[in-house]
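Worksheet: the structure to be examined is printed underneath.
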Amino acid sequence: MKFALFSLVMNIRNAVTGETLTTQEKFQNILQQAIYAEKLGFDAYGIGERHGPPFLSSSPAVLLTAIAAHTSRIRLLTTVAVLSVLDPVRVAEDYATLDHLSGGRLELIIGKGNDPRHYPLFGIKEEEQWDSLAERYALLKRLWSEENVSWDGKYRPPLREVTILPRPLQASIPIWHGSASSPLSTELAAQYGEPIFSSNTFHPLPKYKALIDHYRERWAYYGHDPKHAVVGAGAGTLYLAKTTEEAIRRYRPYYEAFHSTDSAKHNQSPFTSLEDNLANGPLLVGSPERVIEKILTYQAAYGHQVMSISVDGLTEAEQREQMAWFASEVMPVLRREITSSVWSA
């Protein structure tokens with residue numbers, strides 16, 4: 001199995017210390033987090049895109065470019081780039097530039113996003129999100145693979161004989177399709193023969209498994225070799241301790257603080273408590289042995305080769321503690337147990 005550290009650059013008052021980082025301090029925290037992730041042996045680092053509090057991640061390409069300048073090996077991902085509201089020309093140019101500046105380490109996870117606040121900002125109606133995503137993605141693919149592109153569509157002005165510059169460094173920038181709530185995203189991924197990354201953060205296992213199963217069914221329908229269907233999956237926030245009881249006690253203030261934010265309320269979590277989420281949801285809170293057991297249970301259901309974790313919201317010291325503990329106690333076991341063809345080079 002391969003491992004990514006993801007962040008939405010959530011900046012809220014720390015539930016334990018009462019401290020709130022300034023925007024500058026938070027950006028420096030993210031940069032140091034990515035540098036440390038590479039040092040610890042994580043395979044990838046990802047920045048999600050959000051356009052409202054408590055997140056400071058409205059410009060993933062800019063943040064990932066800063067990270068690229070301070071790292072040399074780790075893959076750089078968007079988690080997700082909200083392509084349903086973005087201009088494909090701007091996306092093609094920005095991320096091709098990042099691809100060069102990172103030495104070809106970029107991978108794009110695209111999606112429509114799960115926060116409706118971005119639609120009025122960019123003039124898209126929420127009911128148009130899927131049609132907009134499909135159209136914009138088709139154009140993005142052409143802009144990266146063709147020159148002298150002419151195009152007509154609904155969600156941006158026509159193009160005539162356009163060649164974007166710079167061209168990407170990689171022959172083909174890898175694209176993942178973010179999957180959280182609808183078979184329309186898994187359908188698009190299967191149609192193009194591209195991998196999916198299951199959110200696996202807000203709901204019980206069966207909901208996400210149904211979407212992953214749909215992806216594999218439609219993958220076969222479109223004539224792709226089943227062995228080439230690749231799945232990644234997220235997880236709830238990580239919190240490890242020597243015992244599961246200690247981990248729950250230490251993590252509880254963070255859980256309650258995040259679930260009181262407007263963003264979390266929008267997600268309408270089906271879990272009634274921290275204990276309910278631990279028993280029936282994706283949170284990775286407990287002893288290393290308990291967390292390994294839970295990840296293996298989910299992997300048996302999903303068949304994913306890549307997983308992501310998050311340490312958003314914790315103190316900086318706890319972030320480093322949790323990353324180091326995961327890298328030393330959890331990652332080696334799962335690397336031995338689960339093979340992965342992703343990032344094999």
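We name chains A, B, ... following the order of the structure tokens; residues begin at 1 in each chain, and ligands are numbered from 1 as shown.
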
| request: For Arg13 in chain A, work out the shell of residues within 12 Å, counting only C-alpha atoms and skipping chain neighbours fewer than 4 positions away, then give it as an MDAnalysis selection string. | output: chainID A and resid 17:22 26 54 253:254 257:258 260:261 312:315

Write the residues of the preceding selection, restricted to all heavy atoms, as a short mmCIF file (atom, residue, chain, number, x, y, z; two decimals), in the first residue's frame.
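Saved the output as part18.cif:
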data_model
loop_
_atom_site.label_atom_id
_atom_site.label_comp_id
_atom_site.auth_asym_id
_atom_site.auth_seq_id
_atom_site.Cartn_x
_atom_site.Cartn_y
_atom_site.Cartn_z
N THR A 17 -5.42 24.00 23.10
CA THR A 17 -4.59 25.13 23.54
C THR A 17 -5.32 26.47 23.47
O THR A 17 -4.89 27.44 24.11
CB THR A 17 -3.33 25.25 22.68
OG1 THR A 17 -3.70 25.62 21.34
CG2 THR A 17 -2.58 23.92 22.65
N GLY A 18 -6.39 26.55 22.68
CA GLY A 18 -7.09 27.81 22.48
C GLY A 18 -6.42 28.72 21.47
O GLY A 18 -6.92 29.82 21.19
N GLU A 19 -5.31 28.28 20.88
CA GLU A 19 -4.56 29.11 19.94
C GLU A 19 -5.19 29.06 18.55
O GLU A 19 -5.69 28.02 18.11
CB GLU A 19 -3.12 28.58 19.86
CG GLU A 19 -2.25 29.30 18.84
CD GLU A 19 -0.89 28.64 18.68
OE1 GLU A 19 -0.75 27.44 19.01
OE2 GLU A 19 0.04 29.33 18.21
N THR A 20 -5.16 30.19 17.85
CA THR A 20 -5.53 30.24 16.44
C THR A 20 -4.34 30.77 15.66
O THR A 20 -3.84 31.87 15.95
CB THR A 20 -6.74 31.15 16.20
OG1 THR A 20 -7.85 30.68 16.97
CG2 THR A 20 -7.13 31.14 14.73
N LEU A 21 -3.87 30.04 14.67
CA LEU A 21 -2.74 30.48 13.87
C LEU A 21 -3.17 31.60 12.93
O LEU A 21 -4.30 31.65 12.45
CB LEU A 21 -2.20 29.32 13.03
CG LEU A 21 -1.64 28.10 13.79
CD1 LEU A 21 -1.16 27.05 12.79
CD2 LEU A 21 -0.53 28.48 14.73
N THR A 22 -2.24 32.53 12.66
CA THR A 22 -2.49 33.49 11.61
C THR A 22 -2.44 32.76 10.26
O THR A 22 -1.95 31.62 10.17
CB THR A 22 -1.44 34.61 11.61
OG1 THR A 22 -0.16 34.04 11.26
CG2 THR A 22 -1.35 35.28 12.98
N LYS A 26 -0.24 29.46 9.40
CA LYS A 26 -0.84 28.22 8.90
C LYS A 26 -0.18 27.76 7.61
O LYS A 26 0.09 26.57 7.41
CB LYS A 26 -2.34 28.41 8.69
CG LYS A 26 -3.06 27.12 8.26
CD LYS A 26 -2.91 26.02 9.31
CE LYS A 26 -3.59 24.74 8.87
NZ LYS A 26 -3.47 23.67 9.89
N PRO A 54 -13.72 27.07 7.40
CA PRO A 54 -12.45 27.47 8.03
C PRO A 54 -11.22 27.09 7.21
O PRO A 54 -10.15 26.89 7.78
CB PRO A 54 -12.50 26.67 9.33
CG PRO A 54 -13.16 25.38 8.94
CD PRO A 54 -14.20 25.77 7.91
N PRO A 253 -11.73 16.40 22.17
CA PRO A 253 -11.94 17.85 21.99
C PRO A 253 -11.83 18.29 20.53
O PRO A 253 -12.56 19.18 20.09
CB PRO A 253 -10.82 18.47 22.84
CG PRO A 253 -10.43 17.41 23.80
CD PRO A 253 -10.63 16.12 23.11
N TYR A 254 -10.94 17.67 19.78
CA TYR A 254 -10.78 18.01 18.36
C TYR A 254 -12.01 17.60 17.56
O TYR A 254 -12.49 18.34 16.70
CB TYR A 254 -9.53 17.35 17.79
CG TYR A 254 -8.25 17.87 18.38
CD1 TYR A 254 -7.42 17.05 19.13
CD2 TYR A 254 -7.86 19.20 18.18
CE1 TYR A 254 -6.23 17.53 19.66
CE2 TYR A 254 -6.68 19.68 18.71
CZ TYR A 254 -5.87 18.85 19.45
OH TYR A 254 -4.70 19.34 19.98
N ALA A 257 -14.84 20.02 18.30
CA ALA A 257 -14.61 21.36 17.73
C ALA A 257 -14.88 21.37 16.24
O ALA A 257 -15.55 22.27 15.71
CB ALA A 257 -13.18 21.80 18.01
N PHE A 258 -14.38 20.37 15.51
CA PHE A 258 -14.58 20.35 14.08
C PHE A 258 -16.05 20.16 13.73
O PHE A 258 -16.58 20.78 12.81
CB PHE A 258 -13.75 19.27 13.42
CG PHE A 258 -14.01 19.16 11.93
CD1 PHE A 258 -13.68 20.20 11.08
CD2 PHE A 258 -14.62 18.04 11.40
CE1 PHE A 258 -13.94 20.12 9.72
CE2 PHE A 258 -14.89 17.95 10.04
CZ PHE A 258 -14.54 19.00 9.19
N SER A 260 -18.55 21.17 15.14
CA SER A 260 -19.38 22.33 15.43
C SER A 260 -19.24 23.42 14.36
O SER A 260 -19.94 24.43 14.42
CB SER A 260 -19.02 22.92 16.80
OG SER A 260 -17.71 23.46 16.78
N THR A 261 -18.35 23.23 13.38
CA THR A 261 -18.17 24.22 12.33
C THR A 261 -19.31 24.13 11.31
O THR A 261 -19.94 23.08 11.15
CB THR A 261 -16.83 24.03 11.59
OG1 THR A 261 -16.85 22.77 10.89
CG2 THR A 261 -15.66 24.06 12.56
N ASP A 312 -5.15 17.43 10.14
CA ASP A 312 -5.67 18.79 10.23
C ASP A 312 -6.28 19.06 11.61
O ASP A 312 -6.93 18.18 12.19
CB ASP A 312 -6.74 19.03 9.18
CG ASP A 312 -6.17 19.58 7.88
OD1 ASP A 312 -4.95 19.76 7.80
OD2 ASP A 312 -6.96 19.83 6.95
N GLY A 313 -6.07 20.26 12.13
CA GLY A 313 -6.73 20.69 13.36
C GLY A 313 -5.95 20.44 14.62
O GLY A 313 -6.26 21.03 15.66
N LEU A 314 -4.95 19.54 14.58
CA LEU A 314 -4.16 19.26 15.77
C LEU A 314 -3.10 20.35 15.97
O LEU A 314 -2.81 21.12 15.06
CB LEU A 314 -3.47 17.90 15.62
CG LEU A 314 -4.34 16.70 15.25
CD1 LEU A 314 -3.48 15.43 15.18
CD2 LEU A 314 -5.48 16.53 16.23
N THR A 315 -2.51 20.38 17.16
CA THR A 315 -1.37 21.29 17.35
C THR A 315 -0.24 20.84 16.44
O THR A 315 -0.18 19.69 16.00
CB THR A 315 -0.88 21.27 18.80
OG1 THR A 315 -0.34 19.97 19.09
CG2 THR A 315 -2.00 21.60 19.78
#

Near-range 87-91 of chain A list (12 Å; only C-alpha atoms; drop same-chain fewer than 4 positions) as a PyMOL selection string: chain A and resi 59-62+78+81-83+95-99+108+110+122-124+132-144+149+151+153-159+162-168

Given only C-alpha atoms as the counted atoms, nearest of A:Ala189, A:Met323, A:Ala44, A:Ala210 to Thr79 in chain A: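 Going through A:Ala189, A:Met323, A:Ala44, A:Ala210 one by one, the smallest distance to Thr79 in chain A is for A:Ala44.
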
- Tell me which protein, DNA and RNA residues are within 8 Å of Gln305 in chain A, counting only C-alpha atoms, leaving out same-chain ones fewer than 6 positions away, and put them as a PyMOL selection string. chain A and resi 1-2+230-232+338-342

Using DSSP on the backbone coordinates, identify the residues of range 275-309 of chain A assigned to strand (DSSP E); present them as JSON, numbers by chain.
{"A": [284, 285, 286, 306, 307, 308, 309]}

Output file for the residues above (N, CA, C and O atoms, as a tab-separated table (two decimals), in the first residue's frame):
chain	number	residue	atom	x	y	z
A	284	LEU	N	-9.66	7.07	12.23
A	284	LEU	CA	-8.53	6.22	12.61
A	284	LEU	C	-8.00	6.71	13.95
A	284	LEU	O	-6.98	7.39	14.04
A	285	VAL	N	-8.70	6.38	15.01
A	285	VAL	CA	-8.35	6.82	16.36
A	285	VAL	C	-8.20	5.58	17.23
A	285	VAL	O	-9.14	4.78	17.37
A	286	GLY	N	-7.01	5.39	17.80
A	286	GLY	CA	-6.80	4.23	18.63
A	286	GLY	C	-5.33	3.86	18.71
A	286	GLY	O	-4.45	4.63	18.30
A	306	VAL	N	-3.92	2.82	-2.51
A	306	VAL	CA	-3.39	4.04	-1.92
A	306	VAL	C	-4.37	4.51	-0.86
A	306	VAL	O	-5.59	4.43	-1.06
A	307	MET	N	-3.85	4.98	0.27
A	307	MET	CA	-4.74	5.57	1.27
A	307	MET	C	-4.15	6.89	1.74
A	307	MET	O	-2.93	7.09	1.74
A	308	SER	N	-5.05	7.79	2.12
A	308	SER	CA	-4.62	9.09	2.64
A	308	SER	C	-5.06	9.23	4.08
A	308	SER	O	-6.06	8.65	4.50
A	309	ILE	N	-4.29	10.01	4.83
A	309	ILE	CA	-4.66	10.37	6.19
A	309	ILE	C	-4.58	11.89	6.32
A	309	ILE	O	-4.00	12.57	5.47

From the list A:Ala92, A:His100, A:Ala190, A:Val311, the nearest residue to Ser145 in chain A using only C-alpha atoms is A:Ala92

- Message: If we count only C-alpha atoms and set the cut-off at 9 Å, which residues sit around range 196-208 of chain A, ignoring sequence neighbours fewer than 5 positions away in its own chain? Please answer as a VMD selection string.
- Response: chain A and resid 79 109 175 to 181 185 to 186 189 to 190 213 215 229 to 237 267 to 271 277 280 to 283 298 301 to 302 304 306 to 307

| task | Considering only C-alpha atoms, state which residue in the set A:Thr243, A:Leu63, A:Glu275, A:Arg216 is at the smallest distance from Gly303 in chain A. | result |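 Closest residue, counting only C-alpha atoms: A:Arg216.
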
Closest of A:His259, A:Val9, A:Gln319, A:Ala241 to Arg290 in chain A - atom-to-atom distances counting only C-alpha atoms:
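Result for the nearest residue to Arg290 in chain A: A:Ala241.
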
Q.
From the options A:Glu316, A:Arg105, A:Leu5, A:Ser172, which residue's atoms come nearest to Gln28 in chain A, counting only C-alpha atoms?
A.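 Among the listed residues, the smallest separation from Gln28 in chain A belongs to A:Glu316.
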
Counting only C-alpha atoms, the residue among A:Thr23, A:Ser84, A:Leu101, A:Lys242 that lies closest to Thr65 in chain A is A:Leu101

Within range 177-326 of chain A, find each residue whose DSSP state, derived from the backbone, is alpha helix (DSSP H), and express the selection as an MDAnalysis selection string.
chainID A and resid 183:192 205:221 244:258 262:266 274:280 288:302 316:325

In Å and to one decimal, CA of Ser58 in chain A is distant from CA of Asp94 in chain A by 13.7 Å

Practice task
Find the residues around range 32-40 of chain A up to 9 Å (only C-alpha atoms counted), leave out those fewer than 5 positions away in its own chain, and share them as a list in words.
Solution key: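 Here the answer would be Ala4, Leu5, Phe27, Tyr45, Gly46, Ile67, His70, Thr71, Ser72, Arg73, Ile74, Glu316, Gln319, Arg320, Met323, Ala324, Ala327 and Ser328 of chain A.
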